[in-house]
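Novice: The structure is given below, and queries will be raised subsequently.
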Amino acid sequence: MCQLLGMNCNVPTDICFSFAGFQARGGATDVHSDGWGIAFFEGRGTRVFLEPQPSCSSPLAELVRSYPIHSQNVIAHIRKATQGVVALENTHPFMRELWGRYWIFAHNGHLPDFSPQLDSSFTPVGDTDSERAFCWLLQNLRQRFGSHAPSQALLFEALHQLTLELATQGACNFLLSNGDCLFAHCSTQLTYIIRQAPFAVAHLSDQDVSIDFSAVTTPEDRVAVIATVPLTDNEQWTTLPSGSLWLFEEGAPVRHRLTVAGPERVSNEENAPS
């Protein structure tokens, strides 16, 4: 399977440190060697870098690692192909426009029999189950809300209903963002950490690299990093419950809802785990 990396912040921040560890997992310290990609939101625009080759040996990935692009929402992916050939068109994350904003989506899982009816408003370019799921999600959001974006609360509730259906099709860990916030669905495995004052030193699990965040931040900074597997070995990461959809905003989890059978629970900022 693939691995996911996301970042959501209250101020534009670079992801160089986290991406250094993530990059190594693309063929060096792990088996995800079938492509990599990363998307940065900058205002209403996005920078997207994609390659259908291992990130560990990619000069472009090395450039991304060393070039401090500042963003409040970032989504990255390293691929171990299950559906679709190894090719640029099948490399995550995927991007589409909806309501005058770019949307970015990356998926880790397997939806073997998911063949939804698409109405051509969003059409897959490649042949992965992930891109089909992304097109299906956006198609349903447009059908539900028309040509005007809903409030964030209504958007979260709609995504929850759609994810309930999507989760019945198989493993479906995903990250989704329109640049305002970041949605994360944990189907089988996803973790996160909130970095805020007082900042400390962090050390990567996959490379012998450390950073003292107190030297590169201000006391007001807050950064949420979401990853399939924790990226550091000296920090306390939180494991998201399997079968849950999360909303991260301004560097913190502000809402979540279950996507498995059983009593539904909603969390807000006051009682979400941190």
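Simple scheme: letters A, B, ... for chains in structure tokens order, numbers from 1 for residues in each chain, numbers from 1 for ligands in the order shown.
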Compile a residue-level contact table for region 116-175 of chain A against region 86-103 of chain A at a cut-off of 12 Å, reporting for every qualifying residue the shortest atom pair and its distance in Å to one decimal, with only C-alpha atoms counted, rows ordered by chain and ascending number, as a tab-separated table.
Specialist:
```
residue	atom	partner	partner_atom	distance
A:Ser121	CA	A:Leu98	CA	10.0
A:Phe122	CA	A:Arg96	CA	7.9
A:Thr123	CA	A:Arg96	CA	9.7
A:Pro124	CA	A:Glu89	CA	9.2
A:Val125	CA	A:Glu89	CA	6.4
A:Gly126	CA	A:Glu89	CA	5.0
A:Asp127	CA	A:Asn90	CA	6.7
A:Thr128	CA	A:Asn90	CA	6.3
A:Asp129	CA	A:Asn90	CA	9.6
A:Ser130	CA	A:His92	CA	8.5
A:Glu131	CA	A:Phe94	CA	6.9
A:Arg132	CA	A:Phe94	CA	10.4
A:Ala133	CA	A:Phe94	CA	10.8
A:Phe134	CA	A:Phe94	CA	7.9
A:Cys135	CA	A:Arg96	CA	8.3
A:Trp136	CA	A:Arg96	CA	11.7
A:Leu137	CA	A:Trp103	CA	11.0
A:Leu138	CA	A:Leu98	CA	7.4
A:Gln139	CA	A:Leu98	CA	9.2
A:Asn140	CA	A:Leu98	CA	11.3
A:Leu141	CA	A:Leu98	CA	9.0
A:Arg142	CA	A:Leu98	CA	7.7
A:Gln143	CA	A:Leu98	CA	11.4
A:Phe145	CA	A:Trp99	CA	9.9
A:Gly146	CA	A:Trp99	CA	8.9
A:Ser147	CA	A:Trp99	CA	6.3
A:His148	CA	A:Trp99	CA	6.2
A:Ala149	CA	A:Trp99	CA	5.9
A:Pro150	CA	A:Trp99	CA	9.6
A:Phe174	CA	A:Pro93	CA	10.1
A:Leu175	CA	A:Pro93	CA	9.1
```
Novice: Please dump the current selection as a tab-separated table (two decimals), in the first residue's frame; keep N, CA and C atoms.
Specialist:
```
chain	number	residue	atom	x	y	z
A	121	SER	N	-18.65	15.39	-15.25
A	121	SER	CA	-18.24	16.66	-14.66
A	121	SER	C	-16.82	16.55	-14.10
A	122	PHE	N	-16.46	15.37	-13.63
A	122	PHE	CA	-15.10	15.07	-13.21
A	122	PHE	C	-14.75	13.70	-13.77
A	123	THR	N	-13.73	13.63	-14.59
A	123	THR	CA	-13.40	12.41	-15.30
A	123	THR	C	-11.97	11.98	-14.97
A	124	PRO	N	-11.75	10.71	-14.61
A	124	PRO	CA	-10.39	10.25	-14.36
A	124	PRO	C	-9.54	10.32	-15.61
A	125	VAL	N	-8.28	10.67	-15.44
A	125	VAL	CA	-7.31	10.66	-16.53
A	125	VAL	C	-6.57	9.32	-16.56
A	126	GLY	N	-6.23	8.83	-15.37
A	126	GLY	CA	-5.56	7.55	-15.25
A	126	GLY	C	-6.54	6.42	-14.98
A	127	ASP	N	-6.03	5.31	-14.46
A	127	ASP	CA	-6.89	4.15	-14.24
A	127	ASP	C	-6.77	3.59	-12.83
A	128	THR	N	-6.66	4.49	-11.85
A	128	THR	CA	-6.60	4.06	-10.45
A	128	THR	C	-7.96	4.18	-9.78
A	129	ASP	N	-8.16	3.33	-8.78
A	129	ASP	CA	-9.36	3.44	-7.95
A	129	ASP	C	-9.36	4.75	-7.18
A	130	SER	N	-8.17	5.26	-6.86
A	130	SER	CA	-8.04	6.50	-6.09
A	130	SER	C	-8.60	7.70	-6.85
A	131	GLU	N	-8.22	7.82	-8.11
A	131	GLU	CA	-8.70	8.96	-8.89
A	131	GLU	C	-10.19	8.85	-9.15
A	132	ARG	N	-10.69	7.62	-9.34
A	132	ARG	CA	-12.14	7.44	-9.50
A	132	ARG	C	-12.87	7.90	-8.24
A	133	ALA	N	-12.33	7.56	-7.08
A	133	ALA	CA	-12.96	7.96	-5.81
A	133	ALA	C	-12.97	9.48	-5.67
A	134	PHE	N	-11.88	10.12	-6.06
A	134	PHE	CA	-11.80	11.59	-5.99
A	134	PHE	C	-12.83	12.24	-6.89
A	135	CYS	N	-12.93	11.77	-8.13
A	135	CYS	CA	-13.92	12.32	-9.06
A	135	CYS	C	-15.34	12.11	-8.53
A	136	TRP	N	-15.57	10.95	-7.95
A	136	TRP	CA	-16.90	10.64	-7.42
A	136	TRP	C	-17.23	11.56	-6.24
A	137	LEU	N	-16.28	11.81	-5.36
A	137	LEU	CA	-16.51	12.71	-4.24
A	137	LEU	C	-16.88	14.11	-4.71
A	138	LEU	N	-16.07	14.65	-5.63
A	138	LEU	CA	-16.34	16.01	-6.11
A	138	LEU	C	-17.65	16.09	-6.89
A	139	GLN	N	-17.93	15.07	-7.68
A	139	GLN	CA	-19.19	15.03	-8.42
A	139	GLN	C	-20.38	15.11	-7.47
A	140	ASN	N	-20.33	14.35	-6.39
A	140	ASN	CA	-21.43	14.35	-5.44
A	140	ASN	C	-21.53	15.66	-4.67
A	141	LEU	N	-20.40	16.28	-4.39
A	141	LEU	CA	-20.45	17.58	-3.72
A	141	LEU	C	-21.08	18.63	-4.63
A	142	ARG	N	-20.72	18.60	-5.91
A	142	ARG	CA	-21.31	19.56	-6.85
A	142	ARG	C	-22.81	19.30	-7.01
A	143	GLN	N	-23.21	18.03	-7.09
A	143	GLN	CA	-24.63	17.72	-7.22
A	143	GLN	C	-25.40	18.17	-5.98
A	145	PHE	N	-24.53	20.67	-3.71
A	145	PHE	CA	-24.49	22.09	-3.38
A	145	PHE	C	-24.53	23.02	-4.58
A	146	GLY	N	-24.54	22.47	-5.79
A	146	GLY	CA	-24.65	23.31	-6.97
A	146	GLY	C	-23.38	24.10	-7.23
A	147	SER	N	-23.55	25.35	-7.65
A	147	SER	CA	-22.41	26.15	-8.09
A	147	SER	C	-21.80	27.02	-6.99
A	148	HIS	N	-22.33	26.90	-5.76
A	148	HIS	CA	-21.82	27.73	-4.66
A	148	HIS	C	-21.31	26.85	-3.53
A	149	ALA	N	-20.14	27.18	-3.03
A	149	ALA	CA	-19.54	26.40	-1.96
A	149	ALA	C	-20.35	26.52	-0.68
A	150	PRO	N	-20.54	25.43	0.05
A	150	PRO	CA	-21.28	25.48	1.31
A	150	PRO	C	-20.38	25.98	2.44
A	174	PHE	N	-7.47	8.65	3.28
A	174	PHE	CA	-7.24	9.72	2.31
A	174	PHE	C	-7.00	11.05	2.99
A	175	LEU	N	-6.36	11.96	2.24
A	175	LEU	CA	-6.20	13.36	2.61
A	175	LEU	C	-6.83	14.19	1.50
```
Novice: Excluding Phe49 (chain A) and its own-chain neighbours fewer than 3 positions away, which residues fall within 10 Å of it when counting only C-alpha atoms? Please give them as a ChimeraX atom specification.
Specialist: /A:36-40,46,60-61,64,76,91-93
Novice: Could you state the separation of CA of His256 (chain A) and CA of Ile193 (chain A) in Å, given to one decimal place?
Specialist: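 Here the two named atoms are 15.7 Å from each other.
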Novice: Residues within 7 Å of Gln72 (chain A), please, as a PyMOL selection string. Count only C-alpha atoms; anything in the same chain fewer than 6 positions from it doesn't count.
Specialist: chain A and resi 8-13+41
Novice: Take the selection from the previous step and output its residues with all heavy atoms, as a JSON list (two decimals), in the first residue's frame.
Specialist:
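Writing the result to part06.json gives the following:
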```
[["chain", "number", "residue", "atom", "x", "y", "z"],
["A", 8, "ASN", "N", -1.05, 20.90, 8.03],
["A", 8, "ASN", "CA", -2.01, 21.99, 8.16],
["A", 8, "ASN", "C", -1.50, 22.91, 9.25],
["A", 8, "ASN", "O", -1.17, 22.45, 10.35],
["A", 8, "ASN", "CB", -3.40, 21.44, 8.51],
["A", 8, "ASN", "CG", -4.38, 22.53, 8.88],
["A", 8, "ASN", "OD1", -4.58, 22.81, 10.06],
["A", 8, "ASN", "ND2", -5.01, 23.15, 7.90],
["A", 9, "CYS", "N", -1.42, 24.22, 8.97],
["A", 9, "CYS", "CA", -0.77, 25.17, 9.89],
["A", 9, "CYS", "C", -1.61, 26.43, 10.06],
["A", 9, "CYS", "O", -2.48, 26.73, 9.25],
["A", 9, "CYS", "CB", 0.60, 25.58, 9.36],
["A", 9, "CYS", "SG", 1.54, 24.27, 8.59],
["A", 10, "ASN", "N", -1.29, 27.18, 11.10],
["A", 10, "ASN", "CA", -1.95, 28.47, 11.29],
["A", 10, "ASN", "C", -1.18, 29.60, 10.62],
["A", 10, "ASN", "O", -1.70, 30.72, 10.51],
["A", 10, "ASN", "CB", -2.18, 28.75, 12.77],
["A", 10, "ASN", "CG", -0.89, 28.94, 13.55],
["A", 10, "ASN", "OD1", 0.18, 28.56, 13.10],
["A", 10, "ASN", "ND2", -1.01, 29.52, 14.74],
["A", 11, "VAL", "N", 0.05, 29.35, 10.19],
["A", 11, "VAL", "CA", 0.83, 30.31, 9.41],
["A", 11, "VAL", "C", 1.57, 29.53, 8.33],
["A", 11, "VAL", "O", 1.85, 28.34, 8.51],
["A", 11, "VAL", "CB", 1.85, 31.08, 10.29],
["A", 11, "VAL", "CG1", 1.13, 31.97, 11.29],
["A", 11, "VAL", "CG2", 2.81, 30.14, 10.98],
["A", 12, "PRO", "N", 1.88, 30.14, 7.19],
["A", 12, "PRO", "CA", 2.63, 29.41, 6.16],
["A", 12, "PRO", "C", 3.95, 28.86, 6.70],
["A", 12, "PRO", "O", 4.72, 29.58, 7.34],
["A", 12, "PRO", "CB", 2.86, 30.48, 5.08],
["A", 12, "PRO", "CG", 1.72, 31.44, 5.25],
["A", 12, "PRO", "CD", 1.49, 31.50, 6.73],
["A", 13, "THR", "N", 4.16, 27.58, 6.45],
["A", 13, "THR", "CA", 5.30, 26.84, 7.02],
["A", 13, "THR", "C", 5.89, 25.94, 5.95],
["A", 13, "THR", "O", 5.16, 25.46, 5.07],
["A", 13, "THR", "CB", 4.82, 26.00, 8.21],
["A", 13, "THR", "OG1", 4.17, 26.85, 9.17],
["A", 13, "THR", "CG2", 5.96, 25.26, 8.89],
["A", 41, "PHE", "N", -0.44, 24.45, -1.32],
["A", 41, "PHE", "CA", -1.35, 25.56, -1.56],
["A", 41, "PHE", "C", -0.64, 26.87, -1.26],
["A", 41, "PHE", "O", 0.00, 27.00, -0.21],
["A", 41, "PHE", "CB", -2.60, 25.44, -0.69],
["A", 41, "PHE", "CG", -3.57, 24.40, -1.16],
["A", 41, "PHE", "CD1", -3.51, 23.10, -0.67],
["A", 41, "PHE", "CD2", -4.55, 24.73, -2.08],
["A", 41, "PHE", "CE1", -4.41, 22.14, -1.10],
["A", 41, "PHE", "CE2", -5.46, 23.77, -2.52],
["A", 41, "PHE", "CZ", -5.38, 22.47, -2.03]]
```
Novice: Quick check for you: according to DSSP on this backbone, which residues of region 120-189 of chain A are classed as strand (DSSP E or B)? Reply as a PyMOL selection string.
Specialist: chain A and resi 171-177+182-186
Novice: Keeping only N, CA and C atoms, write the selected residues to a file as a PDB file, in the first residue's frame.
Specialist:
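As written to disk, out_33.pdb reads:
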```pdb
ATOM      1  N   ALA A 171     -10.384  -0.486   1.882  1.00  0.00           N
ATOM      2  CA  ALA A 171      -9.490   0.390   2.634  1.00  0.00           C
ATOM      3  C   ALA A 171      -9.431   1.757   1.973  1.00  0.00           C
ATOM      4  N   CYS A 172      -9.640   2.799   2.757  1.00  0.00           N
ATOM      5  CA  CYS A 172      -9.802   4.129   2.167  1.00  0.00           C
ATOM      6  C   CYS A 172      -9.258   5.209   3.089  1.00  0.00           C
ATOM      7  N   ASN A 173      -7.947   5.197   3.305  1.00  0.00           N
ATOM      8  CA  ASN A 173      -7.300   6.313   3.986  1.00  0.00           C
ATOM      9  C   ASN A 173      -7.082   7.415   2.956  1.00  0.00           C
ATOM     10  N   PHE A 174      -7.467   8.646   3.284  1.00  0.00           N
ATOM     11  CA  PHE A 174      -7.240   9.716   2.309  1.00  0.00           C
ATOM     12  C   PHE A 174      -7.001  11.053   2.991  1.00  0.00           C
ATOM     13  N   LEU A 175      -6.361  11.961   2.244  1.00  0.00           N
ATOM     14  CA  LEU A 175      -6.202  13.362   2.608  1.00  0.00           C
ATOM     15  C   LEU A 175      -6.825  14.190   1.502  1.00  0.00           C
ATOM     16  N   LEU A 176      -7.554  15.245   1.876  1.00  0.00           N
ATOM     17  CA  LEU A 176      -8.274  16.089   0.923  1.00  0.00           C
ATOM     18  C   LEU A 176      -8.201  17.527   1.416  1.00  0.00           C
ATOM     19  N   SER A 177      -7.924  18.466   0.497  1.00  0.00           N
ATOM     20  CA  SER A 177      -7.887  19.876   0.894  1.00  0.00           C
ATOM     21  C   SER A 177      -8.275  20.766  -0.269  1.00  0.00           C
ATOM     22  N   LEU A 182      -7.859  20.973   5.992  1.00  0.00           N
ATOM     23  CA  LEU A 182      -7.444  19.655   5.518  1.00  0.00           C
ATOM     24  C   LEU A 182      -8.342  18.588   6.139  1.00  0.00           C
ATOM     25  N   PHE A 183      -8.901  17.724   5.288  1.00  0.00           N
ATOM     26  CA  PHE A 183      -9.714  16.602   5.736  1.00  0.00           C
ATOM     27  C   PHE A 183      -8.861  15.333   5.681  1.00  0.00           C
ATOM     28  N   ALA A 184      -8.975  14.509   6.721  1.00  0.00           N
ATOM     29  CA  ALA A 184      -8.218  13.262   6.778  1.00  0.00           C
ATOM     30  C   ALA A 184      -9.158  12.140   7.184  1.00  0.00           C
ATOM     31  N   HIS A 185      -9.185  11.079   6.385  1.00  0.00           N
ATOM     32  CA  HIS A 185      -9.985   9.908   6.744  1.00  0.00           C
ATOM     33  C   HIS A 185      -9.057   8.750   7.075  1.00  0.00           C
ATOM     34  N   CYS A 186      -9.223   8.210   8.271  1.00  0.00           N
ATOM     35  CA  CYS A 186      -8.474   7.034   8.690  1.00  0.00           C
ATOM     36  C   CYS A 186      -9.365   5.807   8.544  1.00  0.00           C
TER      37      CYS A 186
END
```
Novice: Find the spatial neighbours of Thr239 (chain A), counting only C-alpha atoms, within a cut-off of 7 Å - ignore same-chain residues fewer than 2 positions away - and output them as a PDB file with C-alpha atoms, in the first residue's frame.
Specialist:
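Result went into part04.pdb, see below:
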```
ATOM      1  CA  LEU A 190      -3.159   7.285  10.083  1.00  0.00           C
ATOM      2  CA  THR A 191      -1.349   9.276  12.786  1.00  0.00           C
ATOM      3  CA  TYR A 192      -0.764  12.926  13.594  1.00  0.00           C
ATOM      4  CA  TRP A 237       2.209  10.863  17.834  1.00  0.00           C
ATOM      5  CA  PRO A 241      -9.209   5.688  15.345  1.00  0.00           C
TER       6      PRO A 241
END
```
Novice: So how far away is CA of Gly84 (chain A) from CA of Ile226 (chain A), in Å?
Specialist: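 CA of Ile226 (chain A) sits 25.5 Å away from CA of Gly84 (chain A).
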Novice: Please, which residues of region 12-139 of chain A, numbered as in this document, come out alpha helix (DSSP H) from DSSP, as a list of chain:residue names?
Specialist: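 Taking region 12-139 of chain A and keeping alpha helix (DSSP H) gives A:Cys16, A:Phe17, A:Ser18, A:Phe19, A:Ala20, A:Gly21, A:Phe22, A:Gln23, A:Ala24, A:Pro59, A:Leu60, A:Ala61, A:Glu62, A:Leu63, A:Val64, A:Arg65, A:Ser66, A:Asp129, A:Ser130, A:Glu131, A:Arg132, A:Ala133, A:Phe134, A:Cys135, A:Trp136, A:Leu137, A:Leu138, A:Gln139.
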Novice: Kindly export the residues of the current selection with N, CA and C atoms, as a PDB file, in the first residue's frame.
Specialist:
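Ended up saving to out_1.pdb:
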```
ATOM      1  N   CYS A  16      10.030  20.879   4.792  1.00  0.00           N
ATOM      2  CA  CYS A  16      11.303  20.274   4.405  1.00  0.00           C
ATOM      3  C   CYS A  16      11.731  19.145   5.352  1.00  0.00           C
ATOM      4  N   PHE A  17      11.621  19.376   6.655  1.00  0.00           N
ATOM      5  CA  PHE A  17      12.060  18.362   7.618  1.00  0.00           C
ATOM      6  C   PHE A  17      11.238  17.082   7.485  1.00  0.00           C
ATOM      7  N   SER A  18       9.919  17.195   7.513  1.00  0.00           N
ATOM      8  CA  SER A  18       9.070  16.011   7.414  1.00  0.00           C
ATOM      9  C   SER A  18       9.232  15.317   6.070  1.00  0.00           C
ATOM     10  N   PHE A  19       9.368  16.099   4.999  1.00  0.00           N
ATOM     11  CA  PHE A  19       9.495  15.502   3.674  1.00  0.00           C
ATOM     12  C   PHE A  19      10.813  14.748   3.537  1.00  0.00           C
ATOM     13  N   ALA A  20      11.853  15.155   4.265  1.00  0.00           N
ATOM     14  CA  ALA A  20      13.124  14.438   4.209  1.00  0.00           C
ATOM     15  C   ALA A  20      12.952  12.991   4.657  1.00  0.00           C
ATOM     16  N   GLY A  21      12.210  12.780   5.741  1.00  0.00           N
ATOM     17  CA  GLY A  21      11.951  11.413   6.184  1.00  0.00           C
ATOM     18  C   GLY A  21      11.012  10.681   5.262  1.00  0.00           C
ATOM     19  N   PHE A  22       9.989  11.381   4.793  1.00  0.00           N
ATOM     20  CA  PHE A  22       9.007  10.777   3.900  1.00  0.00           C
ATOM     21  C   PHE A  22       9.652  10.363   2.583  1.00  0.00           C
ATOM     22  N   GLN A  23      10.523  11.197   2.049  1.00  0.00           N
ATOM     23  CA  GLN A  23      11.213  10.918   0.799  1.00  0.00           C
ATOM     24  C   GLN A  23      11.998   9.609   0.886  1.00  0.00           C
ATOM     25  N   ALA A  24      12.643   9.348   2.014  1.00  0.00           N
ATOM     26  CA  ALA A  24      13.435   8.125   2.171  1.00  0.00           C
ATOM     27  C   ALA A  24      12.577   6.870   2.097  1.00  0.00           C
ATOM     28  N   PRO A  59      16.036  13.529  -8.264  1.00  0.00           N
ATOM     29  CA  PRO A  59      16.568  14.887  -8.129  1.00  0.00           C
ATOM     30  C   PRO A  59      15.480  15.925  -7.863  1.00  0.00           C
ATOM     31  N   LEU A  60      14.287  15.702  -8.426  1.00  0.00           N
ATOM     32  CA  LEU A  60      13.186  16.638  -8.186  1.00  0.00           C
ATOM     33  C   LEU A  60      12.734  16.571  -6.730  1.00  0.00           C
ATOM     34  N   ALA A  61      12.646  15.371  -6.168  1.00  0.00           N
ATOM     35  CA  ALA A  61      12.289  15.241  -4.755  1.00  0.00           C
ATOM     36  C   ALA A  61      13.354  15.876  -3.869  1.00  0.00           C
ATOM     37  N   GLU A  62      14.608  15.759  -4.264  1.00  0.00           N
ATOM     38  CA  GLU A  62      15.689  16.389  -3.502  1.00  0.00           C
ATOM     39  C   GLU A  62      15.549  17.909  -3.546  1.00  0.00           C
ATOM     40  N   LEU A  63      15.122  18.438  -4.696  1.00  0.00           N
ATOM     41  CA  LEU A  63      14.884  19.872  -4.803  1.00  0.00           C
ATOM     42  C   LEU A  63      13.767  20.303  -3.861  1.00  0.00           C
ATOM     43  N   VAL A  64      12.655  19.563  -3.853  1.00  0.00           N
ATOM     44  CA  VAL A  64      11.535  19.877  -2.971  1.00  0.00           C
ATOM     45  C   VAL A  64      11.978  19.834  -1.512  1.00  0.00           C
ATOM     46  N   ARG A  65      12.795  18.842  -1.196  1.00  0.00           N
ATOM     47  CA  ARG A  65      13.277  18.691   0.181  1.00  0.00           C
ATOM     48  C   ARG A  65      14.117  19.892   0.625  1.00  0.00           C
ATOM     49  N   SER A  66      14.866  20.467  -0.279  1.00  0.00           N
ATOM     50  CA  SER A  66      15.800  21.526   0.088  1.00  0.00           C
ATOM     51  C   SER A  66      15.265  22.934  -0.169  1.00  0.00           C
ATOM     52  N   ASP A 129      -8.161   3.327  -8.777  1.00  0.00           N
ATOM     53  CA  ASP A 129      -9.359   3.438  -7.953  1.00  0.00           C
ATOM     54  C   ASP A 129      -9.359   4.755  -7.175  1.00  0.00           C
ATOM     55  N   SER A 130      -8.175   5.258  -6.857  1.00  0.00           N
ATOM     56  CA  SER A 130      -8.045   6.503  -6.085  1.00  0.00           C
ATOM     57  C   SER A 130      -8.598   7.698  -6.851  1.00  0.00           C
ATOM     58  N   GLU A 131      -8.222   7.823  -8.109  1.00  0.00           N
ATOM     59  CA  GLU A 131      -8.699   8.959  -8.894  1.00  0.00           C
ATOM     60  C   GLU A 131     -10.195   8.855  -9.150  1.00  0.00           C
ATOM     61  N   ARG A 132     -10.688   7.625  -9.344  1.00  0.00           N
ATOM     62  CA  ARG A 132     -12.140   7.444  -9.495  1.00  0.00           C
ATOM     63  C   ARG A 132     -12.869   7.901  -8.241  1.00  0.00           C
ATOM     64  N   ALA A 133     -12.330   7.557  -7.075  1.00  0.00           N
ATOM     65  CA  ALA A 133     -12.955   7.960  -5.810  1.00  0.00           C
ATOM     66  C   ALA A 133     -12.966   9.477  -5.671  1.00  0.00           C
ATOM     67  N   PHE A 134     -11.883  10.124  -6.059  1.00  0.00           N
ATOM     68  CA  PHE A 134     -11.796  11.590  -5.988  1.00  0.00           C
ATOM     69  C   PHE A 134     -12.834  12.236  -6.893  1.00  0.00           C
ATOM     70  N   CYS A 135     -12.927  11.767  -8.127  1.00  0.00           N
ATOM     71  CA  CYS A 135     -13.918  12.315  -9.058  1.00  0.00           C
ATOM     72  C   CYS A 135     -15.336  12.108  -8.531  1.00  0.00           C
ATOM     73  N   TRP A 136     -15.573  10.946  -7.955  1.00  0.00           N
ATOM     74  CA  TRP A 136     -16.899  10.637  -7.415  1.00  0.00           C
ATOM     75  C   TRP A 136     -17.234  11.562  -6.239  1.00  0.00           C
ATOM     76  N   LEU A 137     -16.276  11.809  -5.363  1.00  0.00           N
ATOM     77  CA  LEU A 137     -16.514  12.708  -4.237  1.00  0.00           C
ATOM     78  C   LEU A 137     -16.876  14.110  -4.710  1.00  0.00           C
ATOM     79  N   LEU A 138     -16.074  14.655  -5.631  1.00  0.00           N
ATOM     80  CA  LEU A 138     -16.344  16.013  -6.106  1.00  0.00           C
ATOM     81  C   LEU A 138     -17.650  16.086  -6.891  1.00  0.00           C
ATOM     82  N   GLN A 139     -17.931  15.066  -7.679  1.00  0.00           N
ATOM     83  CA  GLN A 139     -19.195  15.034  -8.422  1.00  0.00           C
ATOM     84  C   GLN A 139     -20.380  15.111  -7.469  1.00  0.00           C
TER      85      GLN A 139
END
```
